[in-house]
file my_file-v1.cif (mmCIF, C-alpha atoms)
data_input
loop_
_atom_site.group_PDB
_atom_site.id
_atom_site.type_symbol
_atom_site.label_atom_id
_atom_site.label_comp_id
_atom_site.auth_asym_id
_atom_site.auth_seq_id
_atom_site.Cartn_x
_atom_site.Cartn_y
_atom_site.Cartn_z
ATOM 1 C CA MET L 1 72.320 251.347 117.080
ATOM 2 C CA CYS L 2 69.641 253.909 117.865
ATOM 3 C CA THR L 3 69.191 252.314 121.302
ATOM 4 C CA VAL L 4 72.871 252.594 122.256
ATOM 5 C CA PRO L 5 73.222 255.335 124.901
ATOM 6 C CA GLY L 6 74.904 258.416 123.455
ATOM 7 C CA PHE L 7 74.962 257.226 119.850
ATOM 8 C CA LEU L 8 72.473 259.743 118.422
ATOM 9 C CA THR L 9 73.818 262.753 120.285
ATOM 10 C CA THR L 10 75.067 265.701 118.239
ATOM 11 C CA VAL L 11 78.538 265.387 119.731
ATOM 12 C CA ASN L 12 78.852 261.703 118.855
ATOM 13 C CA LEU L 13 77.590 262.163 115.293
ATOM 14 C CA TYR L 14 80.057 265.041 114.838
ATOM 15 C CA ILE L 15 82.892 262.788 116.038
ATOM 16 C CA LEU L 16 81.672 260.016 113.719
ATOM 17 C CA LEU L 17 81.857 262.298 110.680
ATOM 18 C CA HIS L 18 85.376 263.381 111.638
ATOM 19 C CA ARG L 19 86.445 259.744 111.916
ATOM 20 C CA VAL L 20 84.852 259.002 108.541
ATOM 21 C CA VAL L 21 86.876 261.843 107.004
ATOM 22 C CA GLN L 22 90.176 260.755 108.538
ATOM 23 C CA LEU L 23 89.809 257.062 107.725
ATOM 24 C CA GLY L 24 88.193 257.913 104.386
ATOM 25 C CA LEU L 25 91.204 259.950 103.226
ATOM 26 C CA LEU L 26 93.622 257.179 104.206
ATOM 27 C CA SER L 27 91.438 254.465 102.660
ATOM 28 C CA ILE L 28 90.885 256.265 99.344
ATOM 29 C CA GLY L 29 94.623 256.496 98.774
ATOM 30 C CA MET L 30 95.069 252.917 99.967
ATOM 31 C CA THR L 31 92.391 251.757 97.530
ATOM 32 C CA LEU L 32 94.282 253.101 94.531
ATOM 33 C CA VAL L 33 97.503 251.493 95.739
ATOM 34 C CA ILE L 34 95.837 248.127 96.357
ATOM 35 C CA LEU L 35 94.130 248.252 92.952
ATOM 36 C CA THR L 36 97.627 248.180 91.415
ATOM 37 C CA GLY L 37 98.494 245.122 93.498
ATOM 38 C CA GLY L 38 100.495 247.130 96.038
ATOM 39 C CA ILE L 39 100.204 248.008 99.713
ATOM 40 C CA ASP L 40 101.053 251.190 101.611
ATOM 41 C CA LEU L 41 102.079 250.579 105.214
ATOM 42 C CA SER L 42 103.428 254.112 105.612
ATOM 43 C CA VAL L 43 100.144 256.074 105.707
ATOM 44 C CA GLY L 44 100.002 256.140 109.519
ATOM 45 C CA SER L 45 103.548 257.469 109.734
ATOM 46 C CA ILE L 46 102.874 260.098 107.047
ATOM 47 C CA LEU L 47 99.806 261.180 109.024
ATOM 48 C CA ALA L 48 101.953 261.477 112.175
ATOM 49 C CA LEU L 49 104.678 263.428 110.348
ATOM 50 C CA ALA L 50 102.078 265.808 108.879
ATOM 51 C CA CYS L 51 100.504 266.322 112.295
ATOM 52 C CA ALA L 52 103.895 266.974 113.913
ATOM 53 C CA LEU L 53 105.092 269.305 111.144
ATOM 54 C CA THR L 54 101.865 271.304 111.298
ATOM 55 C CA GLY L 55 102.705 272.177 114.888
ATOM 56 C CA GLN L 56 106.402 272.648 114.180
ATOM 57 C CA PHE L 57 105.872 274.949 111.193
ATOM 58 C CA GLN L 58 103.419 277.072 113.167
ATOM 59 C CA HIS L 59 105.906 277.491 116.015
ATOM 60 C CA TRP L 60 109.067 277.731 113.951
ATOM 61 C CA GLY L 61 110.506 280.689 115.839
ATOM 62 C CA THR L 62 109.538 279.639 119.353
ATOM 63 C CA SER L 63 113.102 278.690 120.238
ATOM 64 C CA ALA L 64 114.178 282.204 119.269
ATOM 65 C CA GLY L 65 111.685 283.756 121.666
ATOM 66 C CA TYR L 66 108.881 284.575 119.219
ATOM 67 C CA ILE L 67 105.240 283.756 119.857
ATOM 68 C CA GLY L 68 102.040 284.020 117.820
ATOM 69 C CA ALA L 69 102.161 284.920 114.134
ATOM 70 C CA GLY L 70 105.833 285.818 114.326
ATOM 71 C CA SER L 71 106.747 282.173 114.855
ATOM 72 C CA TYR L 72 105.068 280.870 111.669
ATOM 73 C CA ILE L 73 107.426 279.633 108.980
ATOM 74 C CA ALA L 74 104.766 280.696 106.418
ATOM 75 C CA PRO L 75 101.034 281.595 106.272
ATOM 76 C CA GLU L 76 98.816 278.745 107.394
ATOM 77 C CA LEU L 77 97.486 277.840 103.942
ATOM 78 C CA VAL L 78 101.053 277.809 102.604
ATOM 79 C CA ILE L 79 101.969 275.485 105.476
ATOM 80 C CA LEU L 80 99.119 273.215 104.365
ATOM 81 C CA LEU L 81 100.564 273.101 100.836
ATOM 82 C CA MET L 82 103.998 272.340 102.299
ATOM 83 C CA ILE L 83 102.543 269.489 104.358
ATOM 84 C CA LEU L 84 100.763 268.029 101.326
ATOM 85 C CA GLY L 85 103.962 268.355 99.297
ATOM 86 C CA ILE L 86 105.948 266.442 101.907
ATOM 87 C CA GLY L 87 103.317 263.696 101.953
ATOM 88 C CA GLY L 88 103.456 263.538 98.169
ATOM 89 C CA ALA L 89 107.263 263.341 98.248
ATOM 90 C CA VAL L 90 107.153 260.346 100.594
ATOM 91 C CA GLY L 91 104.587 258.763 98.297
ATOM 92 C CA MET L 92 106.809 259.431 95.291
ATOM 93 C CA PHE L 93 109.666 257.623 97.026
ATOM 94 C CA ASN L 94 107.414 254.625 97.673
ATOM 95 C CA GLY L 95 106.040 254.645 94.133
ATOM 96 C CA PHE L 96 109.440 254.876 92.461
ATOM 97 C CA ASN L 97 110.871 251.942 94.397
ATOM 98 C CA SER L 98 107.724 249.896 93.832
ATOM 99 C CA GLY L 99 107.743 250.779 90.132
ATOM 100 C CA ILE L 100 111.290 249.499 89.626
ATOM 101 C CA GLY L 101 110.402 246.132 91.130
ATOM 102 C CA ILE L 102 111.138 246.363 94.846
ATOM 103 C CA PRO L 103 108.311 244.641 96.802
ATOM 104 C CA ASP L 104 105.749 247.167 98.020
ATOM 105 C CA PHE L 105 105.605 245.601 101.460
ATOM 106 C CA ALA L 106 109.354 245.995 101.994
ATOM 107 C CA VAL L 107 109.487 249.561 100.657
ATOM 108 C CA THR L 108 106.567 250.897 102.641
ATOM 109 C CA LEU L 109 107.579 249.022 105.803
ATOM 110 C CA GLY L 110 110.930 250.804 105.673
ATOM 111 C CA THR L 111 109.213 254.118 104.971
ATOM 112 C CA MET L 112 106.794 253.521 107.837
ATOM 113 C CA ILE L 113 109.688 253.182 110.284
ATOM 114 C CA GLY L 114 111.773 256.009 108.828
ATOM 115 C CA VAL L 115 108.973 258.560 108.550
ATOM 116 C CA ARG L 116 107.757 257.801 112.069
ATOM 117 C CA GLY L 117 111.304 258.415 113.261
ATOM 118 C CA ALA L 118 111.345 261.706 111.362
ATOM 119 C CA ALA L 119 108.122 262.780 113.096
ATOM 120 C CA TYR L 120 109.774 262.250 116.475
ATOM 121 C CA ALA L 121 113.003 263.875 115.345
ATOM 122 C CA VAL L 122 111.484 267.173 114.150
ATOM 123 C CA THR L 123 109.550 267.671 117.404
ATOM 124 C CA GLY L 124 111.904 266.037 119.851
ATOM 125 C CA GLY L 125 109.096 263.611 120.617
ATOM 126 C CA VAL L 126 106.984 266.247 122.360
ATOM 127 C CA GLN L 127 103.535 267.638 121.597
ATOM 128 C CA ILE L 128 103.299 271.181 120.226
ATOM 129 C CA PHE L 129 100.235 273.004 121.534
ATOM 130 C CA GLY L 130 98.343 275.953 120.105
ATOM 131 C CA LEU L 131 97.804 275.950 116.355
ATOM 132 C CA GLY L 132 96.640 278.818 114.148
ATOM 133 C CA PRO L 133 93.017 279.971 113.755
ATOM 134 C CA VAL L 134 92.740 279.063 110.054
ATOM 135 C CA THR L 135 93.884 275.495 110.677
ATOM 136 C CA LYS L 136 91.501 275.068 113.612
ATOM 137 C CA ASN L 137 88.548 276.722 111.876
ATOM 138 C CA ILE L 138 88.831 274.517 108.800
ATOM 139 C CA ALA L 139 89.358 271.337 110.825
ATOM 140 C CA ARG L 140 86.670 272.059 113.429
ATOM 141 C CA GLY L 141 84.172 274.255 111.589
ATOM 142 C CA SER L 142 80.785 272.961 110.493
ATOM 143 C CA ILE L 143 77.588 273.759 108.640
ATOM 144 C CA VAL L 144 74.520 272.607 110.587
ATOM 145 C CA ASP L 145 76.785 270.295 112.644
ATOM 146 C CA VAL L 146 78.315 268.757 109.493
ATOM 147 C CA PRO L 147 82.074 269.453 109.442
ATOM 148 C CA TYR L 148 83.475 271.454 106.516
ATOM 149 C CA ILE L 149 85.978 268.692 105.896
ATOM 150 C CA PHE L 150 83.184 266.175 105.304
ATOM 151 C CA PHE L 151 82.165 268.153 102.208
ATOM 152 C CA VAL L 152 85.821 268.113 101.153
ATOM 153 C CA LEU L 153 85.809 264.321 101.469
ATOM 154 C CA VAL L 154 82.669 264.063 99.328
ATOM 155 C CA ALA L 155 84.324 266.189 96.628
ATOM 156 C CA ILE L 156 87.453 263.994 96.755
ATOM 157 C CA VAL L 157 85.374 260.811 96.437
ATOM 158 C CA ILE L 158 83.616 262.205 93.350
ATOM 159 C CA PHE L 159 86.965 263.257 91.848
ATOM 160 C CA ILE L 160 88.533 259.822 92.417
ATOM 161 C CA LEU L 161 85.471 258.069 90.982
ATOM 162 C CA ILE L 162 85.854 260.105 87.796
ATOM 163 C CA LEU L 163 89.584 259.360 87.752
ATOM 164 C CA GLU L 164 88.950 255.621 88.135
ATOM 165 C CA ARG L 165 86.330 255.342 85.422
ATOM 166 C CA ASN L 166 87.055 258.010 82.840
ATOM 167 C CA THR L 167 90.795 258.624 82.645
ATOM 168 C CA VAL L 168 93.814 256.879 81.175
ATOM 169 C CA LEU L 169 95.355 256.720 84.645
ATOM 170 C CA GLY L 170 92.275 254.962 86.012
ATOM 171 C CA LYS L 171 92.375 252.317 83.296
ATOM 172 C CA SER L 172 96.128 251.914 83.859
ATOM 173 C CA ILE L 173 95.585 251.340 87.585
ATOM 174 C CA TYR L 174 93.210 248.432 86.932
ATOM 175 C CA ALA L 175 95.417 247.031 84.169
ATOM 176 C CA VAL L 176 98.542 247.007 86.344
ATOM 177 C CA GLY L 177 96.659 245.365 89.199
ATOM 178 C CA GLU L 178 95.082 242.704 87.022
ATOM 179 C CA ASN L 179 98.254 241.637 85.205
ATOM 180 C CA PRO L 180 101.336 243.897 85.221
ATOM 181 C CA ARG L 181 103.134 241.989 82.450
ATOM 182 C CA VAL L 182 100.186 242.213 80.081
ATOM 183 C CA ALA L 183 99.748 245.876 81.024
ATOM 184 C CA ILE L 184 103.368 246.669 80.115
ATOM 185 C CA LEU L 185 103.037 244.803 76.817
ATOM 186 C CA SER L 186 99.899 246.842 76.136
ATOM 187 C CA GLY L 187 101.846 250.080 76.503
ATOM 188 C CA VAL L 188 100.966 250.948 80.104
ATOM 189 C CA ASN L 189 103.717 252.806 81.947
ATOM 190 C CA CYS L 190 103.856 250.777 85.161
ATOM 191 C CA LEU L 191 106.353 253.095 86.874
ATOM 192 C CA LYS L 192 104.252 256.201 86.177
ATOM 193 C CA THR L 193 101.106 254.468 87.412
ATOM 194 C CA LYS L 194 102.787 253.341 90.632
ATOM 195 C CA LEU L 195 104.201 256.830 91.173
ATOM 196 C CA MET L 196 100.797 258.464 90.795
ATOM 197 C CA VAL L 197 98.881 256.154 93.139
ATOM 198 C CA TYR L 198 101.509 256.376 95.867
ATOM 199 C CA ILE L 199 101.734 260.160 95.530
ATOM 200 C CA ILE L 200 97.954 260.411 95.891
ATOM 201 C CA SER L 201 98.090 258.113 98.923
ATOM 202 C CA GLY L 202 100.825 260.220 100.510
ATOM 203 C CA VAL L 203 98.998 263.501 99.872
ATOM 204 C CA PHE L 204 95.730 262.193 101.356
ATOM 205 C CA ALA L 205 97.538 260.796 104.418
ATOM 206 C CA ALA L 206 99.229 264.175 104.934
ATOM 207 C CA MET L 207 95.867 265.937 104.589
ATOM 208 C CA ALA L 208 94.422 263.623 107.246
ATOM 209 C CA GLY L 209 97.336 264.498 109.546
ATOM 210 C CA TRP L 210 96.868 268.242 109.040
ATOM 211 C CA ILE L 211 93.132 267.944 109.788
ATOM 212 C CA LEU L 212 93.827 265.859 112.898
ATOM 213 C CA ALA L 213 96.318 268.463 114.156
ATOM 214 C CA GLY L 214 93.765 271.238 113.675
ATOM 215 C CA ARG L 215 90.996 269.286 115.383
ATOM 216 C CA MET L 216 93.165 268.447 118.417
ATOM 217 C CA ASP L 217 94.984 271.816 118.404
ATOM 218 C CA ILE L 218 98.207 269.829 118.815
ATOM 219 C CA GLY L 219 101.132 268.799 116.645
ATOM 220 C CA ASP L 220 101.758 265.261 117.905
ATOM 221 C CA PRO L 221 104.217 262.684 116.475
ATOM 222 C CA LYS L 222 102.567 259.849 118.438
ATOM 223 C CA VAL L 223 99.273 259.777 116.505
ATOM 224 C CA GLY L 224 98.313 257.385 113.730
ATOM 225 C CA VAL L 225 99.633 254.139 115.205
ATOM 226 C CA GLY L 226 97.722 251.257 113.620
ATOM 227 C CA VAL L 227 95.629 253.357 111.224
ATOM 228 C CA GLU L 228 97.225 251.619 108.239
ATOM 229 C CA LEU L 229 95.538 248.423 109.471
ATOM 230 C CA GLU L 230 92.197 250.221 109.644
ATOM 231 C CA ALA L 231 92.648 251.615 106.122
ATOM 232 C CA ILE L 232 93.547 248.213 104.677
ATOM 233 C CA ALA L 233 90.609 246.653 106.523
ATOM 234 C CA ALA L 234 88.207 249.278 105.160
ATOM 235 C CA VAL L 235 89.421 248.628 101.598
ATOM 236 C CA VAL L 236 89.161 244.840 101.876
ATOM 237 C CA ILE L 237 85.860 244.827 103.792
ATOM 238 C CA GLY L 238 84.440 247.158 101.164
ATOM 239 C CA GLY L 239 85.135 244.525 98.521
ATOM 240 C CA THR L 240 88.316 245.623 96.755
ATOM 241 C CA ASP L 241 90.542 242.660 95.892
ATOM 242 C CA LEU L 242 93.753 242.776 97.964
ATOM 243 C CA TYR L 243 95.593 241.240 95.010
ATOM 244 C CA GLY L 244 94.610 244.127 92.744
ATOM 245 C CA GLY L 245 92.563 244.650 89.604
ATOM 246 C CA PHE L 246 89.069 244.745 91.097
ATOM 247 C CA GLY L 247 87.205 247.175 93.334
ATOM 248 C CA GLY L 248 87.219 250.924 93.746
ATOM 249 C CA VAL L 249 86.518 253.867 95.991
ATOM 250 C CA GLU L 250 82.762 253.295 95.784
ATOM 251 C CA TYR L 251 83.341 249.950 97.530
ATOM 252 C CA THR L 252 85.783 251.359 100.052
ATOM 253 C CA ILE L 253 83.377 253.966 101.422
ATOM 254 C CA SER L 254 81.096 251.202 102.693
ATOM 255 C CA GLY L 255 84.092 249.594 104.391
ATOM 256 C CA VAL L 256 85.001 252.915 106.013
ATOM 257 C CA LEU L 257 81.475 253.279 107.393
ATOM 258 C CA ILE L 258 81.518 249.729 108.765
ATOM 259 C CA ILE L 259 84.881 250.227 110.513
ATOM 260 C CA VAL L 260 83.977 253.637 111.963
ATOM 261 C CA LEU L 261 80.551 252.513 113.196
ATOM 262 C CA ALA L 262 81.987 249.332 114.708
ATOM 263 C CA GLN L 263 84.693 251.257 116.547
ATOM 264 C CA ASN L 264 82.251 253.885 117.764
ATOM 265 C CA LEU L 265 79.798 251.308 119.100
ATOM 266 C CA MET L 266 82.593 249.413 120.835
ATOM 267 C CA ALA L 267 83.792 252.672 122.414
ATOM 268 C CA LEU L 268 80.282 253.488 123.630
ATOM 269 C CA TYR L 269 80.036 250.017 125.169
ATOM 270 C CA GLY L 270 83.364 250.558 126.940
ATOM 271 C CA VAL L 271 85.537 248.186 124.889
ATOM 272 C CA SER L 272 89.222 249.110 125.310
ATOM 273 C CA PRO L 273 91.198 250.453 122.307
ATOM 274 C CA ASN L 274 93.512 247.417 122.350
ATOM 275 C CA VAL L 275 90.599 244.990 122.117
ATOM 276 C CA ARG L 276 89.083 247.082 119.317
ATOM 277 C CA LEU L 277 92.312 246.785 117.324
ATOM 278 C CA ILE L 278 92.352 243.017 117.835
ATOM 279 C CA LEU L 279 88.753 242.728 116.637
ATOM 280 C CA ILE L 280 89.469 244.821 113.544
ATOM 281 C CA ALA L 281 92.457 242.592 112.781
ATOM 282 C CA LEU L 282 90.307 239.479 113.143
ATOM 283 C CA ILE L 283 87.642 240.928 110.848
ATOM 284 C CA LEU L 284 90.344 241.692 108.275
ATOM 285 C CA LEU L 285 91.727 238.164 108.448
ATOM 286 C CA VAL L 286 88.264 236.644 108.010
ATOM 287 C CA TYR L 287 87.613 238.803 104.944
ATOM 288 C CA LEU L 288 90.998 237.889 103.464
ATOM 289 C CA VAL L 289 90.292 234.173 103.905
ATOM 290 C CA LEU L 290 86.831 234.529 102.371
ATOM 291 C CA GLN L 291 88.244 236.567 99.494
ATOM 292 C CA ARG L 292 90.846 233.892 98.809
ATOM 293 C CA ILE L 293 88.248 231.103 98.914
ATOM 294 C CA ILE L 294 85.972 232.955 96.503
ATOM 295 C CA LYS L 295 88.852 233.544 94.061
ATOM 296 C CA GLN L 296 89.718 229.855 94.056
#
call {"tool": "encode", "arguments": {"input": "my_file-v1.cif", "output": "structure tokens"}}
result
Amino acid sequence: MCTVPGFLTTVNLYILLHRVVQLGLLSIGMTLVILTGGIDLSVGSILALACALTGQFQHWGTSAGYIGAGSYIAPELVILLMILGIGGAVGMFNGFNSGIGIPDFAVTLGTMIGVRGAAYAVTGGVQIFGLGPVTKNIARGSIVDVPYIFFVLVAIVIFILILERNTVLGKSIYAVGENPRVAILSGVNCLKTKLMVYIISGVFAAMAGWILAGRMDIGDPKVGVGVELEAIAAVVIGGTDLYGGFGGVEYTISGVLIIVLAQNLMALYGVSPNVRLILIALILLVYLVLQRIIKQ
């Protein structure tokens, strides 16, 4: 990798860390969902909705002729909380329906389509340029060329590791994924567990969308297409069992690094985005086959 032209430049390494943060946030939430035996296909659409709403909320009064601070629906940090709340609400919807027995794939597929439609609806399908200074400074700022948000990701990883290993919720997540019937008989609240993991997934996807909006300085409903595939691939490649009950965030981080590095190297070698997506899909399929063979 060190011999690849442009790989070790400051700009490329900065971009790499940003990609690790974005995919890391999506994959951490996806890991918790998959550990329960579920799947969340809506994370890309939640990211897009968060990105679009960040622009919309910061230009709320534009149609009335206001510009600048006068067009904000609320202070920027309050807008962030609103965005995270909306992501959590979508996750709650997914978790409730999954918890009452509706297949996760069907629920989150419907949410993926509906939330993507909502992202287009609130913006009219157009990009909203010019976000606030706080949003851009947090998303773009760095310490010695390491983005602020990378330190946020590290803190989140540590928090989720503690949650997985040392809390009742963490033990419930593994129990539900390993055998939901036995978990229920053991007193585990399956509905509550599903609600929590999907809420966390929704909040992290919304955070990724807010960061992406700040980095690009655009509220765009078109972003995030296919990122759910990347998140699932990172989780599976990292070693978490797609059928639930085994794995964790510590495994997923390695999968995130593999996906991000592979995509970056392909980009530097001039591989088109469509071909990159095909290769990621093939890698995912190979890992799924190997995982199934090992289980049998």
call {"tool": "resolve_selection", "arguments": {"input": "my_file-v1.cif", "expression": "the PyMOL selection byres ((chain L and resi 85) around 12)", "output": "number ranges by chain"}}
result
L: 46, 50, 53, 78-84, 86-92, 199-207
call {"tool": "resolve_selection", "arguments": {"input": "my_file-v1.cif", "expression": "the PyMOL selection byres ((chain L and resi 185-194) around 8)", "output": "PyMOL selection string"}}
result
chain L and resi 33+36+95-96+98-100+169+172-173+175-176+180-184+195-198
call {"tool": "closest_atom_pairs", "arguments": {"input": "my_file-v1.cif", "of": "range 86-183 of chain L", "to": "range 244-259 of chain L", "cutoff": "9 Å", "atoms": "only C-alpha atoms", "output": "CSV"}}
result
residue,atom,partner,partner_atom,distance
L:Val157,CA,L:Val249,CA,7.1
L:Ile160,CA,L:Val249,CA,7.2
L:Leu161,CA,L:Val249,CA,6.6
L:Glu164,CA,L:Gly248,CA,7.5
L:Ile173,CA,L:Gly245,CA,7.6
L:Tyr174,CA,L:Gly245,CA,4.7
L:Ala175,CA,L:Gly245,CA,6.6
L:Val176,CA,L:Gly245,CA,7.2
L:Gly177,CA,L:Gly245,CA,4.2
L:Glu178,CA,L:Gly245,CA,4.1
L:Asn179,CA,L:Gly245,CA,7.8
call {"tool": "residues_around", "arguments": {"input": "my_file-v1.cif", "residues": "Arg140 in chain L", "least_positions_apart": "2", "cutoff": "10 Å", "atoms": "all atoms listed in the file", "output": "PyMOL selection string"}}
result
chain L and resi 14+18+134-138+142+146-149+211-212+214-217
call {"tool": "closest_residue", "arguments": {"input": "my_file-v1.cif", "among": "L:Asn97, L:Tyr72, L:Leu109, L:Leu35", "to": "Leu242 in chain L", "atoms": "all atoms listed in the file"}}
result
L:Leu35
call {"tool": "atom_distance", "arguments": {"input": "my_file-v1.cif", "atom1": "CA of Cys51 in chain L", "atom2": "CA of Ile128 in chain L"}}
result
9.7 Å
call {"tool": "resolve_selection", "arguments": {"input": "my_file-v1.cif", "expression": "the PyMOL selection byres ((chain L and resi 116) around 12)", "output": "ChimeraX atom specification"}}
result
/L:41-53,90,108-115,117-123,125,220-225
call {"tool": "atom_distance", "arguments": {"input": "my_file-v1.cif", "atom1": "CA of Ala262 in chain L", "atom2": "CA of Gly38 in chain L"}}
result
26.4 Å
call {"tool": "residues_around", "arguments": {"input": "my_file-v1.cif", "residues": "Thr54 in chain L", "least_positions_apart": "5", "cutoff": "7 Å", "atoms": "all atoms listed in the file", "output": "list of chain:residue names"}}
result
L:Trp210, L:Ala213, L:Gly219
call {"tool": "write_last_selection", "arguments": {"input": "my_file-v1.cif", "atoms": "C-alpha atoms", "output": "mmCIF file, in the coordinates of the input"}}
result
data_model
loop_
_atom_site.group_PDB
_atom_site.id
_atom_site.type_symbol
_atom_site.label_atom_id
_atom_site.label_comp_id
_atom_site.auth_asym_id
_atom_site.auth_seq_id
_atom_site.Cartn_x
_atom_site.Cartn_y
_atom_site.Cartn_z
ATOM 1 C CA TRP L 210 96.868 268.242 109.040
ATOM 2 C CA ALA L 213 96.318 268.463 114.156
ATOM 3 C CA GLY L 219 101.132 268.799 116.645
#
call {"tool": "build_atoms", "arguments": {"input": "my_file-v1.cif", "residues": "range 224-242 of chain L", "atoms": "N, CA and C atoms", "output": "CSV table (one decimal), in the coordinates of the input"}}
result
chain,number,residue,atom,x,y,z
L,224,GLY,N,98.3,258.2,115.0
L,224,GLY,CA,98.3,257.4,113.7
L,224,GLY,C,98.8,256.0,113.8
L,225,VAL,N,99.1,255.5,115.0
L,225,VAL,CA,99.6,254.1,115.2
L,225,VAL,C,98.5,253.2,114.9
L,226,GLY,N,98.7,252.3,114.0
L,226,GLY,CA,97.7,251.3,113.6
L,226,GLY,C,96.7,251.7,112.6
L,227,VAL,N,96.7,252.9,112.2
L,227,VAL,CA,95.6,253.4,111.2
L,227,VAL,C,95.8,252.7,109.8
L,228,GLU,N,97.0,252.3,109.5
L,228,GLU,CA,97.2,251.6,108.2
L,228,GLU,C,96.4,250.3,108.2
L,229,LEU,N,96.3,249.6,109.4
L,229,LEU,CA,95.5,248.4,109.5
L,229,LEU,C,94.1,248.7,109.2
L,230,GLU,N,93.6,249.8,109.8
L,230,GLU,CA,92.2,250.2,109.6
L,230,GLU,C,91.9,250.5,108.2
L,231,ALA,N,92.8,251.3,107.5
L,231,ALA,CA,92.6,251.6,106.1
L,231,ALA,C,92.6,250.4,105.2
L,232,ILE,N,93.5,249.4,105.5
L,232,ILE,CA,93.5,248.2,104.7
L,232,ILE,C,92.3,247.4,104.9
L,233,ALA,N,91.8,247.4,106.2
L,233,ALA,CA,90.6,246.7,106.5
L,233,ALA,C,89.4,247.3,105.8
L,234,ALA,N,89.3,248.6,105.8
L,234,ALA,CA,88.2,249.3,105.2
L,234,ALA,C,88.2,249.0,103.7
L,235,VAL,N,89.3,248.9,103.0
L,235,VAL,CA,89.4,248.6,101.6
L,235,VAL,C,89.0,247.2,101.3
L,236,VAL,N,89.5,246.2,102.1
L,236,VAL,CA,89.2,244.8,101.9
L,236,VAL,C,87.7,244.5,102.2
L,237,ILE,N,87.2,245.1,103.4
L,237,ILE,CA,85.9,244.8,103.8
L,237,ILE,C,84.9,245.4,102.8
L,238,GLY,N,85.3,246.5,102.2
L,238,GLY,CA,84.4,247.2,101.2
L,238,GLY,C,84.3,246.3,99.9
L,239,GLY,N,85.3,245.4,99.7
L,239,GLY,CA,85.1,244.5,98.5
L,239,GLY,C,86.2,244.6,97.5
L,240,THR,N,87.2,245.5,97.7
L,240,THR,CA,88.3,245.6,96.8
L,240,THR,C,89.2,244.4,97.0
L,241,ASP,N,89.7,243.8,95.8
L,241,ASP,CA,90.5,242.7,95.9
L,241,ASP,C,91.9,243.1,96.4
L,242,LEU,N,92.4,242.4,97.4
L,242,LEU,CA,93.8,242.8,98.0
L,242,LEU,C,94.9,242.5,97.0
